[in-house]
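What follows is a single structure, written as structure tokens, with notes after it.
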Amino acid sequence: MKHLRLAAALLFACTILGSAALAQPAPSASAIATARELVETKGGSAMFDPVIISVVEQTKAALLQTNPQLAKDLNDVAAQLRTEFAPKRDELMGYAAKLYADRFSEQELKDMLAFYKSPLGRKMSNVEPQVLDQTFSYIQQWGQQVSEQVMNRFRAEMKKKGHNL
């Protein structure tokens, strides 16, 4: 009986959550187009192009490990595949546009697009990647320092408990 109540509760929760998800209207084609323009304006191409290149280069590197004598031919094929798969970037752009359109109203998307087309918005698009790169570099250094401090504290506290780590 307990399992039956649990199953009924789970079914009810899934039904409610499922209907809530279905109740959200799909974004309009116009909203998705605006979101796509937003992604492009924010530098989506520059962000997604390296993804394609990385996939090709990682695959080439894996093949080089087992076939180093094929380096020249693999390099030639990699150059060809980077060009061939470049249009796949559009899939990423479309997916990102859909995510934006799912989370923002069409008017919000238009307002953001207007901002990113403004001088300040263009500056933000150019400067933000540098700020993020520097932030991530700092986080790596900071994380290492904090990790060492945490390790030292663990050792000190464990020593108080009679354990040498």
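Here, A, B, ... name the chains of the structure tokens in the order displayed, residue numbers run from 1 inside each chain, and ligands are numbered from 1 in the same displayed order.
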Test item: residues at most 9 Å from Tyr116 in chain A, only C-alpha atoms, excluding those fewer than 5 positions along its chain, as a ChimeraX atom specification:
/A:38,41-42,111,121-125
Can those selected residues be exported to a file as a compact mmCIF listing (two decimals), in the first residue's frame so that it contains all heavy atoms?
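The result, stored in result18.txt:
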```
# COMPACT_ATOMS: atom_id res chain seq x y z
N LEU A 38 20.66 38.41 -31.58
CA LEU A 38 21.32 38.75 -30.32
C LEU A 38 22.58 37.91 -30.14
O LEU A 38 23.65 38.43 -29.82
CB LEU A 38 20.37 38.55 -29.15
CG LEU A 38 20.95 38.74 -27.76
CD1 LEU A 38 21.38 40.18 -27.54
CD2 LEU A 38 19.95 38.31 -26.70
N THR A 41 25.16 39.10 -32.55
CA THR A 41 25.68 40.41 -32.15
C THR A 41 26.62 40.29 -30.96
O THR A 41 27.61 41.01 -30.86
CB THR A 41 24.51 41.37 -31.82
OG1 THR A 41 23.68 41.48 -32.99
CG2 THR A 41 24.99 42.74 -31.42
N LYS A 42 26.32 39.36 -30.05
CA LYS A 42 27.16 39.15 -28.87
C LYS A 42 28.44 38.40 -29.21
O LYS A 42 29.27 38.17 -28.34
CB LYS A 42 26.39 38.37 -27.80
CG LYS A 42 25.32 39.19 -27.12
CD LYS A 42 24.64 38.38 -26.04
CE LYS A 42 25.65 38.07 -24.97
NZ LYS A 42 25.16 37.47 -23.77
N ASP A 111 15.13 44.52 -26.53
CA ASP A 111 15.83 45.49 -25.67
C ASP A 111 17.31 45.11 -25.52
O ASP A 111 18.19 45.97 -25.58
CB ASP A 111 15.16 45.57 -24.29
CG ASP A 111 13.77 46.20 -24.35
OD1 ASP A 111 13.40 46.80 -25.39
OD2 ASP A 111 13.04 46.07 -23.34
N GLY A 121 27.23 48.50 -25.58
CA GLY A 121 27.02 47.07 -25.79
C GLY A 121 28.11 46.44 -26.63
O GLY A 121 28.58 45.33 -26.35
N ARG A 122 28.53 47.16 -27.68
CA ARG A 122 29.64 46.65 -28.52
C ARG A 122 30.92 46.56 -27.70
O ARG A 122 31.68 45.60 -27.81
CB ARG A 122 29.82 47.52 -29.75
CG ARG A 122 28.75 47.29 -30.81
CD ARG A 122 29.09 47.94 -32.14
NE ARG A 122 29.32 49.37 -32.03
CZ ARG A 122 28.38 50.32 -32.14
NH1 ARG A 122 27.12 49.96 -32.34
NH2 ARG A 122 28.69 51.59 -32.04
N LYS A 123 31.14 47.57 -26.85
CA LYS A 123 32.33 47.54 -26.00
C LYS A 123 32.26 46.34 -25.06
O LYS A 123 33.25 45.63 -24.87
CB LYS A 123 32.45 48.83 -25.19
CG LYS A 123 33.68 48.85 -24.30
CD LYS A 123 33.83 50.16 -23.56
CE LYS A 123 35.09 50.14 -22.70
NZ LYS A 123 35.28 51.41 -21.99
N MET A 124 31.09 46.12 -24.49
CA MET A 124 30.93 44.97 -23.58
C MET A 124 31.22 43.66 -24.31
O MET A 124 31.89 42.79 -23.78
CB MET A 124 29.54 44.94 -22.96
CG MET A 124 29.35 43.77 -22.04
SD MET A 124 28.16 44.15 -20.79
CE MET A 124 28.07 42.57 -19.99
N SER A 125 30.70 43.53 -25.53
CA SER A 125 30.94 42.31 -26.31
C SER A 125 32.42 42.09 -26.56
O SER A 125 32.89 40.96 -26.59
CB SER A 125 30.21 42.38 -27.65
OG SER A 125 28.83 42.28 -27.46
```
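Each of A:Asp133, A:Asn152, A:Gln65, A:Ser54 was checked against Ala86 in chain A using only C-alpha atoms; the smallest atom-to-atom distance is that of A:Ser54.
Nearest-residue note for Ala114 in chain A: choosing from A:Gln141, A:Thr135, A:Thr59, A:Glu37, the minimum distance belongs to A:Glu37, counting only C-alpha atoms.
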What's the 8 Å shell around Phe48 in chain A, counting only C-alpha atoms, without same-chain residues fewer than 2 positions away, as JSON, numbers by chain?
{"A": [44, 45, 46, 50, 51, 52, 89, 92, 93]}
Emit the selected residues as an mmCIF file, in the first residue's frame, including C-alpha atoms.
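File produced: again04.cif:
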```cif
data_model
loop_
_atom_site.group_PDB
_atom_site.id
_atom_site.type_symbol
_atom_site.label_atom_id
_atom_site.label_comp_id
_atom_site.auth_asym_id
_atom_site.auth_seq_id
_atom_site.Cartn_x
_atom_site.Cartn_y
_atom_site.Cartn_z
ATOM 1 C CA GLY A 44 28.348 33.843 -31.129
ATOM 2 C CA SER A 45 30.383 33.084 -34.241
ATOM 3 C CA ALA A 46 33.620 33.876 -32.465
ATOM 4 C CA PRO A 50 36.628 27.322 -31.868
ATOM 5 C CA VAL A 51 34.304 24.484 -30.846
ATOM 6 C CA ILE A 52 34.271 23.056 -34.376
ATOM 7 C CA ARG A 89 28.142 26.391 -36.127
ATOM 8 C CA LEU A 92 24.929 25.898 -32.121
ATOM 9 C CA MET A 93 23.697 29.391 -32.962
#
```
Just want the 12 Å neighbourhood of Ile32 in chain A, counted on only C-alpha atoms, with same-chain residues fewer than 2 positions away dropped. Output as a ChimeraX atom specification.
/A:26-30,34-39,93-107,109-110
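CA of Asn75 in chain A lies 12.4 Å from CA of Ala62 in chain A.
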What does the distance from CA of Ala79 in chain A to CA of Asn67 in chain A come to in Å, to one decimal?
17.6 Å
